[in-house]
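K.L.:
Just start_3.tsv, nothing more (TSV, C-alpha atoms):
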chain	number	residue	atom	x	y	z
A	1	MET	CA	79.14	43.49	-29.03
A	2	LEU	CA	76.92	40.51	-28.02
A	3	HIS	CA	73.38	41.25	-26.89
A	4	ASP	CA	71.85	38.65	-24.56
A	5	THR	CA	68.69	37.47	-26.21
A	6	GLN	CA	65.82	37.27	-23.70
A	7	SER	CA	62.93	34.92	-24.39
A	8	LYS	CA	59.44	35.66	-23.13
A	9	LEU	CA	59.22	33.58	-19.98
A	10	ILE	CA	56.28	31.32	-19.25
A	11	ARG	CA	56.06	29.71	-15.85
A	12	PRO	CA	56.75	26.03	-16.58
A	13	ARG	CA	54.52	23.27	-15.35
A	14	SER	CA	57.70	21.14	-15.03
A	15	ARG	CA	61.34	21.39	-16.20
A	16	ARG	CA	62.56	18.77	-18.66
A	17	PRO	CA	66.06	17.99	-20.10
A	18	TRP	CA	67.11	20.10	-23.06
A	19	THR	CA	65.98	18.78	-26.38
A	20	ALA	CA	68.13	18.61	-29.54
A	21	PHE	CA	66.31	21.68	-30.85
A	22	ALA	CA	67.29	23.70	-27.77
A	23	ARG	CA	70.95	22.75	-28.19
A	24	LEU	CA	70.82	23.68	-31.88
A	25	MET	CA	69.41	27.13	-31.04
A	26	MET	CA	72.27	27.74	-28.59
A	27	VAL	CA	74.92	26.84	-31.17
A	28	PHE	CA	73.25	29.00	-33.84
A	29	THR	CA	73.23	31.98	-31.51
A	30	TRP	CA	76.92	31.52	-30.75
A	31	VAL	CA	77.84	31.30	-34.49
A	32	ILE	CA	75.93	34.48	-35.39
A	33	ALA	CA	77.58	36.31	-32.53
A	34	SER	CA	81.06	35.20	-33.72
A	35	ILE	CA	80.48	36.47	-37.24
A	36	LEU	CA	79.31	39.86	-36.09
A	37	SER	CA	82.10	40.27	-33.53
A	38	PRO	CA	85.20	38.05	-33.82
A	39	ALA	CA	86.19	39.11	-30.33
A	40	ALA	CA	83.04	37.66	-29.00
A	41	SER	CA	84.10	34.17	-30.12
A	42	SER	CA	86.07	33.83	-26.92
A	43	MET	CA	83.25	35.22	-24.73
A	44	PRO	CA	81.08	32.83	-22.79
A	45	VAL	CA	77.56	32.67	-23.99
A	46	SER	CA	74.62	32.04	-21.64
A	47	ALA	CA	71.16	31.16	-22.76
A	48	ARG	CA	67.92	30.41	-20.94
A	49	VAL	CA	65.65	28.03	-22.75
A	50	VAL	CA	62.14	27.21	-21.58
A	51	GLU	CA	60.16	24.41	-23.14
A	52	GLN	CA	56.49	25.22	-23.20
A	53	ASP	CA	53.93	22.57	-22.26
A	54	PRO	CA	51.51	21.69	-25.02
A	55	GLY	CA	48.07	23.22	-24.45
A	56	VAL	CA	49.34	26.23	-22.49
A	57	ASN	CA	48.78	29.59	-24.17
A	58	LYS	CA	52.01	31.46	-23.63
A	59	ASP	CA	50.31	34.75	-24.52
A	60	ALA	CA	47.56	34.29	-21.94
A	61	ALA	CA	47.73	36.41	-18.81
A	62	GLY	CA	47.64	34.95	-15.29
A	63	PRO	CA	48.95	31.70	-13.80
A	64	ASP	CA	48.26	28.26	-15.16
A	65	VAL	CA	45.39	26.63	-13.30
A	66	SER	CA	45.17	22.88	-13.09
A	67	PRO	CA	41.78	21.36	-13.83
A	68	ALA	CA	39.63	20.99	-10.70
A	69	ALA	CA	38.98	17.56	-9.25
A	70	PRO	CA	35.54	16.06	-10.01
A	71	ASN	CA	32.81	17.34	-7.68
A	72	SER	CA	31.12	15.04	-5.14
A	73	VAL	CA	27.34	15.57	-4.96
A	74	VAL	CA	25.76	13.58	-2.13
A	75	LEU	CA	22.48	14.17	-0.24
A	76	ALA	CA	21.20	12.18	2.73
A	77	VAL	CA	17.60	12.14	4.04
A	78	ASP	CA	16.28	10.70	7.30
A	79	LYS	CA	12.57	10.54	8.27
A	80	VAL	CA	11.63	9.81	11.91
A	81	ALA	CA	8.27	9.70	13.72
A	82	ARG	CA	8.35	11.34	17.14
A	83	PRO	CA	7.33	9.11	20.07
A	84	ASP	CA	3.79	9.66	21.35
A	85	PRO	CA	3.70	11.41	24.76
A	86	ASP	CA	1.46	8.62	26.13
A	87	GLY	CA	3.57	5.88	24.62
A	88	VAL	CA	0.74	4.67	22.35
A	89	ARG	CA	-0.52	6.30	19.14
A	90	GLN	CA	-4.32	6.17	19.22
A	91	VAL	CA	-7.07	7.27	16.86
A	92	GLY	CA	-7.44	11.04	17.26
A	93	ASP	CA	-3.83	11.59	18.43
A	94	THR	CA	-1.37	13.91	16.64
A	95	VAL	CA	1.40	12.07	14.74
A	96	ILE	CA	4.56	14.16	14.08
A	97	PHE	CA	7.30	13.37	11.54
A	98	ASP	CA	10.73	15.07	11.34
A	99	ILE	CA	12.50	14.93	7.94
A	100	THR	CA	16.22	15.87	8.01
A	101	ILE	CA	18.08	16.53	4.74
A	102	THR	CA	21.91	16.80	4.90
A	103	ASN	CA	24.43	17.89	2.24
A	104	ASN	CA	27.29	15.38	2.50
A	105	GLY	CA	28.89	16.43	-0.81
A	106	THR	CA	31.59	18.94	-1.73
A	107	THR	CA	29.38	21.48	-3.52
A	108	ALA	CA	26.44	23.60	-2.37
A	109	ILE	CA	22.90	22.61	-3.39
A	110	ILE	CA	21.01	25.51	-5.00
A	111	LEU	CA	17.79	23.69	-6.01
A	112	LEU	CA	16.25	21.32	-3.44
A	113	PRO	CA	12.72	20.00	-4.20
A	114	ALA	CA	11.04	17.51	-1.84
A	115	SER	CA	7.79	15.55	-1.60
A	116	ASP	CA	6.08	13.62	1.20
A	117	THR	CA	3.42	10.95	0.60
A	118	TYR	CA	0.97	9.48	3.14
A	119	ASP	CA	-2.24	7.41	3.27
A	120	PRO	CA	-5.14	9.91	3.47
A	121	THR	CA	-7.46	7.22	4.88
A	122	ALA	CA	-5.14	6.63	7.85
A	123	LEU	CA	-3.76	10.15	8.45
A	124	GLN	CA	-5.20	13.64	8.06
A	125	TYR	CA	-2.77	16.48	7.26
A	126	GLN	CA	-2.70	19.27	9.87
A	127	SER	CA	0.34	21.50	9.22
A	128	ALA	CA	4.03	21.58	8.27
A	129	VAL	CA	7.10	23.76	8.82
A	130	PRO	CA	8.14	25.05	6.38
A	131	LEU	CA	4.77	25.21	4.61
A	132	PRO	CA	4.52	23.06	1.46
A	133	ASN	CA	3.84	24.74	-1.88
A	134	ASN	CA	1.14	22.20	-2.69
A	135	VAL	CA	-1.12	19.99	-0.54
A	136	ASN	CA	-3.21	17.25	-2.16
A	137	THR	CA	-5.34	15.60	0.52
A	138	THR	CA	-6.98	13.29	-2.04
A	139	THR	CA	-3.74	11.57	-3.09
A	140	GLY	CA	-1.94	12.29	0.20
A	141	THR	CA	0.95	14.31	-1.29
A	142	LEU	CA	2.83	17.33	0.10
A	143	THR	CA	5.25	19.14	-2.24
A	144	TRP	CA	8.03	21.69	-1.59
A	145	ASN	CA	9.30	23.28	-4.83
A	146	ASP	CA	12.68	24.46	-3.46
A	147	LEU	CA	13.77	24.19	0.17
A	148	ALA	CA	17.05	25.95	-0.67
A	149	ALA	CA	15.13	29.19	-1.29
A	150	GLY	CA	14.34	29.40	2.41
A	151	LEU	CA	18.00	28.78	3.33
A	152	GLY	CA	19.43	31.88	1.67
A	153	GLY	CA	19.48	30.26	-1.76
A	154	GLN	CA	21.55	27.16	-1.01
A	155	LEU	CA	22.11	24.19	1.27
A	156	ALA	CA	25.80	24.62	2.10
A	157	VAL	CA	28.32	21.80	2.28
A	158	GLY	CA	27.85	19.91	5.55
A	159	ALA	CA	24.62	21.77	6.39
A	160	SER	CA	21.21	20.25	7.19
A	161	THR	CA	17.60	21.39	7.01
A	162	THR	CA	14.53	19.85	8.71
A	163	ILE	CA	10.88	19.58	7.70
A	164	THR	CA	8.29	18.93	10.46
A	165	VAL	CA	4.90	17.52	9.40
A	166	ASN	CA	1.86	17.07	11.70
A	167	PHE	CA	-0.99	14.60	11.06
A	168	THR	CA	-4.10	13.35	12.90
A	169	ALA	CA	-4.53	9.57	13.25
A	170	LEU	CA	-7.81	8.48	11.63
A	171	LYS	CA	-7.98	4.69	11.95
A	172	PRO	CA	-6.14	1.83	13.65
A	173	GLY	CA	-3.43	-0.10	11.83
A	174	THR	CA	0.10	0.39	10.47
A	175	THR	CA	0.72	3.08	7.85
A	176	THR	CA	3.96	4.17	6.13
A	177	ASN	CA	5.05	7.71	5.15
A	178	ARG	CA	7.69	8.29	2.46
A	179	VAL	CA	9.84	11.32	1.60
A	180	ASP	CA	11.57	11.74	-1.81
A	181	ILE	CA	14.26	14.21	-2.92
A	182	ASN	CA	14.29	14.35	-6.74
A	183	ASN	CA	15.68	16.80	-9.33
A	184	ALA	CA	18.05	18.61	-6.93
A	185	VAL	CA	20.89	20.62	-8.55
A	186	ASP	CA	24.25	21.81	-7.17
A	187	GLU	CA	26.01	25.15	-7.74
A	188	TYR	CA	27.72	23.86	-10.93
A	189	GLY	CA	24.44	22.70	-12.47
A	190	THR	CA	25.12	19.06	-11.68
A	191	SER	CA	22.06	16.90	-11.03
A	192	VAL	CA	21.99	15.34	-7.59
A	193	PRO	CA	21.19	11.61	-7.37
A	194	PRO	CA	17.68	11.09	-5.88
A	195	VAL	CA	17.31	9.88	-2.28
A	196	SER	CA	14.30	8.76	-0.20
A	197	ASP	CA	13.34	7.36	3.20
A	198	SER	CA	10.20	5.75	4.71
A	199	GLU	CA	8.85	5.57	8.26
A	200	PRO	CA	6.03	3.25	9.43
A	201	VAL	CA	3.77	4.07	12.40
A	202	THR	CA	1.21	1.93	14.22
A	203	ILE	CA	-2.12	3.34	15.44
A	204	VAL	CA	-4.45	1.62	17.92
A	205	SER	CA	-8.15	2.09	18.69
A	206	GLY	CA	-9.52	3.98	21.65
A	207	SER	CA	-9.16	7.43	23.10
A	208	THR	CA	-7.65	6.46	26.45
A	209	ASN	CA	-4.43	4.84	27.46
A	210	THR	CA	-4.38	1.07	27.75
A	211	PRO	CA	-4.23	0.27	31.50
A	212	THR	CA	-1.44	-1.88	32.84
A	213	ASN	CA	-2.71	-4.89	34.69
A	214	THR	CA	-1.43	-4.88	38.28
A	215	PRO	CA	-1.88	-8.17	40.16
A	216	THR	CA	-4.21	-7.82	43.14
A	217	ASN	CA	-4.20	-10.22	46.04
A	218	THR	CA	-7.63	-11.84	46.10
A	219	PRO	CA	-8.62	-13.16	49.56
A	220	THR	CA	-9.56	-16.82	49.75
A	221	ASN	CA	-12.93	-17.45	51.30
A	222	THR	CA	-12.71	-19.98	54.14
A	223	PRO	CA	-16.04	-21.85	54.63
A	224	THR	CA	-17.64	-21.31	58.03
A	225	ASN	CA	-19.86	-23.98	59.54
A	226	THR	CA	-23.28	-22.46	59.84
A	227	PRO	CA	-25.61	-24.24	62.29
A	228	THR	CA	-28.78	-25.58	60.76
A	229	ASN	CA	-31.94	-24.83	62.65
A	230	THR	CA	-34.05	-27.95	63.07
A	231	PRO	CA	-37.72	-27.04	63.25
A	232	THR	CA	-39.64	-28.18	66.36
A	233	ASN	CA	-43.04	-29.58	65.75
A	234	THR	CA	-45.54	-27.41	67.59
A	235	PRO	CA	-49.04	-28.85	67.95
A	236	THR	CA	-51.61	-26.76	66.12
A	237	ASN	CA	-55.08	-26.36	67.55
A	238	THR	CA	-57.60	-27.46	65.02
A	239	PRO	CA	-60.68	-25.27	65.26
A	240	THR	CA	-64.02	-27.01	65.68
A	241	ASN	CA	-66.64	-25.90	63.19
A	242	THR	CA	-69.63	-24.64	65.10
A	243	PRO	CA	-72.74	-24.22	62.94
A	244	THR	CA	-73.94	-20.65	62.73
A	245	PRO	CA	-77.73	-20.32	63.06
A	246	THR	CA	-79.42	-18.86	60.03
A	247	PRO	CA	-81.47	-15.78	60.97
A	248	THR	CA	-85.14	-15.92	60.16
A	249	PRO	CA	-86.34	-12.76	58.36
A	250	THR	CA	-88.98	-10.75	60.21
A	251	ASN	CA	-91.45	-8.60	58.30
A	252	THR	CA	-91.33	-5.09	59.77
A	253	PRO	CA	-94.27	-2.87	58.76
A	254	THR	CA	-93.31	0.42	57.12
A	255	PRO	CA	-94.61	3.32	59.18
A	256	PRO	CA	-96.71	5.86	57.35
A	257	PRO	CA	-95.00	9.11	56.48
A	258	VAL	CA	-95.07	11.77	59.14
A	259	LEU	CA	-96.65	14.95	58.00
A	260	ALA	CA	-94.69	18.06	58.70
A	261	ALA	CA	-96.15	20.81	60.78
A	262	ILE	CA	-95.14	24.41	61.17
A	263	GLY	CA	-95.74	25.97	64.57
A	264	ASP	CA	-97.39	29.25	65.18
A	265	TYR	CA	-94.80	31.02	67.26
A	266	VAL	CA	-91.87	33.05	65.98
A	267	TRP	CA	-89.16	34.69	68.11
A	268	TYR	CA	-85.81	36.23	67.58
A	269	ASP	CA	-83.18	33.63	68.50
A	270	ALA	CA	-80.37	36.02	69.48
A	271	ASP	CA	-77.84	33.36	70.50
A	272	GLY	CA	-78.78	30.86	67.75
A	273	ASP	CA	-79.26	27.95	70.09
A	274	GLY	CA	-82.73	27.03	68.78
A	275	ARG	CA	-84.39	27.75	72.13
A	276	GLN	CA	-86.28	30.82	73.23
A	277	ASP	CA	-84.64	32.40	76.17
A	278	VAL	CA	-86.32	34.81	78.55
A	279	ASP	CA	-84.58	37.74	76.93
A	280	GLU	CA	-85.60	36.71	73.40
A	281	PRO	CA	-89.03	38.28	72.64
A	282	GLY	CA	-91.51	36.92	70.16
A	283	ILE	CA	-92.22	38.44	66.74
A	284	GLY	CA	-95.80	39.03	65.69
A	285	ASN	CA	-97.65	39.35	62.36
A	286	VAL	CA	-95.24	37.09	60.42
A	287	THR	CA	-96.37	35.87	56.96
A	288	LEU	CA	-95.10	32.40	55.91
A	289	ASN	CA	-94.89	31.45	52.18
A	290	LEU	CA	-94.34	27.80	51.09
A	291	TYR	CA	-92.79	26.73	47.76
A	292	ARG	CA	-92.40	23.36	46.03
A	293	ASP	CA	-89.60	22.22	43.72
A	294	ASN	CA	-90.77	20.04	40.81
A	295	GLY	CA	-87.17	19.01	39.98
A	296	ASP	CA	-86.51	21.79	37.53
A	297	GLY	CA	-84.68	23.96	40.08
A	298	VAL	CA	-87.46	26.51	40.10
A	299	PHE	CA	-89.51	26.97	43.26
A	300	ASN	CA	-93.23	27.16	42.53
A	301	PRO	CA	-95.88	28.32	44.98
A	302	ALA	CA	-97.39	25.38	46.89
Go ahead and render the structure in this file as structure tokens.
P.N.:
Amino acid sequence: MLHDTQSKLIRPRSRRPWTAFARLMMVFTWVIASILSPAASSMPVSARVVEQDPGVNKDAAGPDVSPAAPNSVVLAVDKVARPDPDGVRQVGDTVIFDITITNNGTTAIILLPASDTYDPTALQYQSAVPLPNNVNTTTGTLTWNDLAAGLGGQLAVGASTTITVNFTALKPGTTTNRVDINNAVDEYGTSVPPVSDSEPVTIVSGSTNTPTNTPTNTPTNTPTNTPTNTPTNTPTNTPTNTPTPTPTPTNTPTPPPVLAAIGDYVWYDADGDGRQDVDEPGIGNVTLNLYRDNGDGVFNPA
């Protein structure tokens, strides 16, 4: 009795024409079967032959997996300065930059460092979102160690993340800010090619907006004929000098000093008019004392 020999089947990558070895194995099987059972020599024999691809382990479990296509690791960065609300960036104004990083590749980015450089004499750092891990105001450098850490551990395929940085304008002129993405790594450990972008900004002097000149109609002065007053000659009376007689001094004798005298009658002057009225009686037995001042402010008896 012929037993059908079953080979261990391996899913083929592709089927190829039978080789000479496969045909030889079929004939050998038929001969052995005829010797063991002469009746089987007239029986049809079926065989299934599978040629195994080189490099495929027929004892390995699971399907054959074709090698994956090469990964595409591409990052893009775009740095833009926001327009000033007044239309002109002046000394003292806030200057805002937005930095957008996009994963245009086919694999997720799991390590995403970034750095931003600026001129510390032209701009003064205020703040940033997200916050940088290091701020060096002497060299004008902001550093983020890994932006992917704040995105759940990765920047997914097709995803973007944005950094916003605020500065204060310090002096007039044009200054350029630059962002660099270096040493990024994707989920397979592949290094990402570095990318960068720069953005210039212009700052002007002053703390107020530059006025726009609006033409003003200036009236034209039309000359008016002003009459000229012609003076009329008025005769002036010329005074005649009349000689003034010179007075002749007259010697006036100095009268001798009048000696003072004190009367001998005293009355009570009730109404203070200096006259004795009929109702103002006299006062008798009055003693009168006289004093002399020698210039020392002390009255001495006379």
K.L.:
Work out how far CA of Ala156 in chain A is from CA of Tyr118 in chain A, in Å to one decimal.
P.N.:
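Straight-line distance from CA of Tyr118 in chain A to CA of Ala156 in chain A works out to 29.1 Å.
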K.L.:
Measuring between only C-alpha atoms, which one of A:Val91, A:Leu155, A:Val80, A:Val266 shows the shortest distance to Arg178 in chain A?
P.N.:
A:Val80
K.L.:
Using all atoms listed in the file, find the one residue out of A:Gly140, A:Pro113, A:Pro281, A:Pro256 that sits nearest to Val195 in chain A.
P.N.:
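Checking each of A:Gly140, A:Pro113, A:Pro281, A:Pro256 against Val195 in chain A, counting all atoms listed in the file, the winner is A:Pro113.
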K.L.:
Pick out the closest residue to Asp279 in chain A from this set: A:Gln126, A:Thr138, A:Glu187, A:Trp267. Count all atoms listed in the file.
P.N.:
A:Trp267
K.L.:
Rounded to one decimal place, report the CA of Val74 in chain A-CA of Asn104 in chain A distance in Å.
P.N.:
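Separation between CA of Val74 in chain A and CA of Asn104 in chain A: 5.2 Å.
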K.L.:
What separation in Å, quoted to one decimal, exists between CA of Gly274 in chain A and CA of Pro301 in chain A?
P.N.:
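According to the coordinates, CA of Gly274 in chain A and CA of Pro301 in chain A are separated by 27.2 Å.
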K.L.:
At the level of N, CA, C and O atoms, write range 179-204 of chain A to a file as a PDB file, in the first residue's frame, please.
P.N.:
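This went into decode-v2.pdb:
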ATOM      1  N   VAL A 179      17.072  80.410  14.160  1.00  0.00           N
ATOM      2  CA  VAL A 179      16.699  79.212  14.887  1.00  0.00           C
ATOM      3  C   VAL A 179      17.393  78.017  14.223  1.00  0.00           C
ATOM      4  O   VAL A 179      17.487  77.953  13.003  1.00  0.00           O
ATOM      5  N   ASP A 180      17.902  77.081  15.041  1.00  0.00           N
ATOM      6  CA  ASP A 180      18.586  75.880  14.546  1.00  0.00           C
ATOM      7  C   ASP A 180      18.008  74.649  15.211  1.00  0.00           C
ATOM      8  O   ASP A 180      17.778  74.632  16.435  1.00  0.00           O
ATOM      9  N   ILE A 181      17.761  73.606  14.395  1.00  0.00           N
ATOM     10  CA  ILE A 181      17.334  72.293  14.895  1.00  0.00           C
ATOM     11  C   ILE A 181      18.460  71.319  14.584  1.00  0.00           C
ATOM     12  O   ILE A 181      18.676  70.947  13.426  1.00  0.00           O
ATOM     13  N   ASN A 182      19.214  70.908  15.601  1.00  0.00           N
ATOM     14  CA  ASN A 182      20.342  69.992  15.441  1.00  0.00           C
ATOM     15  C   ASN A 182      20.182  68.802  16.377  1.00  0.00           C
ATOM     16  O   ASN A 182      19.589  68.914  17.456  1.00  0.00           O
ATOM     17  N   ASN A 183      20.728  67.649  15.940  1.00  0.00           N
ATOM     18  CA  ASN A 183      20.795  66.432  16.771  1.00  0.00           C
ATOM     19  C   ASN A 183      19.418  65.843  17.084  1.00  0.00           C
ATOM     20  O   ASN A 183      19.242  65.165  18.099  1.00  0.00           O
ATOM     21  N   ALA A 184      18.428  66.057  16.216  1.00  0.00           N
ATOM     22  CA  ALA A 184      17.129  65.400  16.395  1.00  0.00           C
ATOM     23  C   ALA A 184      17.241  63.927  15.991  1.00  0.00           C
ATOM     24  O   ALA A 184      18.062  63.555  15.143  1.00  0.00           O
ATOM     25  N   VAL A 185      16.391  63.067  16.597  1.00  0.00           N
ATOM     26  CA  VAL A 185      16.435  61.620  16.368  1.00  0.00           C
ATOM     27  C   VAL A 185      15.007  61.114  16.182  1.00  0.00           C
ATOM     28  O   VAL A 185      14.090  61.544  16.896  1.00  0.00           O
ATOM     29  N   ASP A 186      14.818  60.162  15.222  1.00  0.00           N
ATOM     30  CA  ASP A 186      13.478  59.612  15.016  1.00  0.00           C
ATOM     31  C   ASP A 186      13.293  58.350  15.845  1.00  0.00           C
ATOM     32  O   ASP A 186      14.180  57.937  16.604  1.00  0.00           O
ATOM     33  N   GLU A 187      12.122  57.717  15.718  1.00  0.00           N
ATOM     34  CA  GLU A 187      11.768  56.567  16.550  1.00  0.00           C
ATOM     35  C   GLU A 187      12.628  55.338  16.298  1.00  0.00           C
ATOM     36  O   GLU A 187      12.645  54.416  17.109  1.00  0.00           O
ATOM     37  N   TYR A 188      13.354  55.269  15.165  1.00  0.00           N
ATOM     38  CA  TYR A 188      14.246  54.154  14.873  1.00  0.00           C
ATOM     39  C   TYR A 188      15.694  54.476  15.193  1.00  0.00           C
ATOM     40  O   TYR A 188      16.592  53.721  14.823  1.00  0.00           O
ATOM     41  N   GLY A 189      15.921  55.626  15.867  1.00  0.00           N
ATOM     42  CA  GLY A 189      17.279  56.004  16.220  1.00  0.00           C
ATOM     43  C   GLY A 189      18.040  56.657  15.084  1.00  0.00           C
ATOM     44  O   GLY A 189      19.257  56.824  15.184  1.00  0.00           O
ATOM     45  N   THR A 190      17.347  57.048  14.035  1.00  0.00           N
ATOM     46  CA  THR A 190      17.998  57.673  12.889  1.00  0.00           C
ATOM     47  C   THR A 190      18.172  59.163  13.152  1.00  0.00           C
ATOM     48  O   THR A 190      17.239  59.837  13.606  1.00  0.00           O
ATOM     49  N   SER A 191      19.368  59.675  12.882  1.00  0.00           N
ATOM     50  CA  SER A 191      19.629  61.097  13.058  1.00  0.00           C
ATOM     51  C   SER A 191      18.897  61.900  11.993  1.00  0.00           C
ATOM     52  O   SER A 191      18.858  61.517  10.823  1.00  0.00           O
ATOM     53  N   VAL A 192      18.314  62.990  12.401  1.00  0.00           N
ATOM     54  CA  VAL A 192      17.564  63.851  11.491  1.00  0.00           C
ATOM     55  C   VAL A 192      18.506  64.924  10.942  1.00  0.00           C
ATOM     56  O   VAL A 192      19.234  65.548  11.713  1.00  0.00           O
ATOM     57  N   PRO A 193      18.507  65.166   9.645  1.00  0.00           N
ATOM     58  CA  PRO A 193      19.361  66.224   9.091  1.00  0.00           C
ATOM     59  C   PRO A 193      19.014  67.577   9.725  1.00  0.00           C
ATOM     60  O   PRO A 193      17.849  67.897   9.932  1.00  0.00           O
ATOM     61  N   PRO A 194      20.030  68.394  10.066  1.00  0.00           N
ATOM     62  CA  PRO A 194      19.759  69.696  10.705  1.00  0.00           C
ATOM     63  C   PRO A 194      19.061  70.661   9.760  1.00  0.00           C
ATOM     64  O   PRO A 194      19.257  70.619   8.542  1.00  0.00           O
ATOM     65  N   VAL A 195      18.236  71.539  10.334  1.00  0.00           N
ATOM     66  CA  VAL A 195      17.538  72.585   9.576  1.00  0.00           C
ATOM     67  C   VAL A 195      17.628  73.885  10.373  1.00  0.00           C
ATOM     68  O   VAL A 195      17.825  73.876  11.596  1.00  0.00           O
ATOM     69  N   SER A 196      17.481  75.030   9.678  1.00  0.00           N
ATOM     70  CA  SER A 196      17.539  76.331  10.342  1.00  0.00           C
ATOM     71  C   SER A 196      16.753  77.344   9.524  1.00  0.00           C
ATOM     72  O   SER A 196      16.419  77.102   8.362  1.00  0.00           O
ATOM     73  N   ASP A 197      16.468  78.496  10.165  1.00  0.00           N
ATOM     74  CA  ASP A 197      15.795  79.595   9.461  1.00  0.00           C
ATOM     75  C   ASP A 197      16.125  80.896  10.189  1.00  0.00           C
ATOM     76  O   ASP A 197      16.331  80.905  11.413  1.00  0.00           O
ATOM     77  N   SER A 198      16.193  82.007   9.442  1.00  0.00           N
ATOM     78  CA  SER A 198      16.521  83.322   9.995  1.00  0.00           C
ATOM     79  C   SER A 198      15.430  84.316   9.640  1.00  0.00           C
ATOM     80  O   SER A 198      14.751  84.182   8.620  1.00  0.00           O
ATOM     81  N   GLU A 199      15.273  85.337  10.508  1.00  0.00           N
ATOM     82  CA  GLU A 199      14.267  86.371  10.279  1.00  0.00           C
ATOM     83  C   GLU A 199      14.840  87.734  10.696  1.00  0.00           C
ATOM     84  O   GLU A 199      15.148  87.966  11.868  1.00  0.00           O
ATOM     85  N   PRO A 200      14.995  88.668   9.752  1.00  0.00           N
ATOM     86  CA  PRO A 200      15.461  90.012  10.112  1.00  0.00           C
ATOM     87  C   PRO A 200      14.301  90.917  10.520  1.00  0.00           C
ATOM     88  O   PRO A 200      13.178  90.777  10.028  1.00  0.00           O
ATOM     89  N   VAL A 201      14.575  91.866  11.423  1.00  0.00           N
ATOM     90  CA  VAL A 201      13.585  92.879  11.804  1.00  0.00           C
ATOM     91  C   VAL A 201      14.281  94.232  11.844  1.00  0.00           C
ATOM     92  O   VAL A 201      15.472  94.319  12.139  1.00  0.00           O
ATOM     93  N   THR A 202      13.539  95.284  11.534  1.00  0.00           N
ATOM     94  CA  THR A 202      14.070  96.644  11.535  1.00  0.00           C
ATOM     95  C   THR A 202      13.397  97.447  12.637  1.00  0.00           C
ATOM     96  O   THR A 202      12.174  97.433  12.769  1.00  0.00           O
ATOM     97  N   ILE A 203      14.224  98.154  13.430  1.00  0.00           N
ATOM     98  CA  ILE A 203      13.759  98.950  14.564  1.00  0.00           C
ATOM     99  C   ILE A 203      14.121 100.409  14.301  1.00  0.00           C
ATOM    100  O   ILE A 203      15.223 100.706  13.831  1.00  0.00           O
ATOM    101  N   VAL A 204      13.188 101.319  14.601  1.00  0.00           N
ATOM    102  CA  VAL A 204      13.436 102.745  14.401  1.00  0.00           C
ATOM    103  C   VAL A 204      13.446 103.455  15.754  1.00  0.00           C
ATOM    104  O   VAL A 204      12.985 102.925  16.760  1.00  0.00           O
TER     105      VAL A 204
END
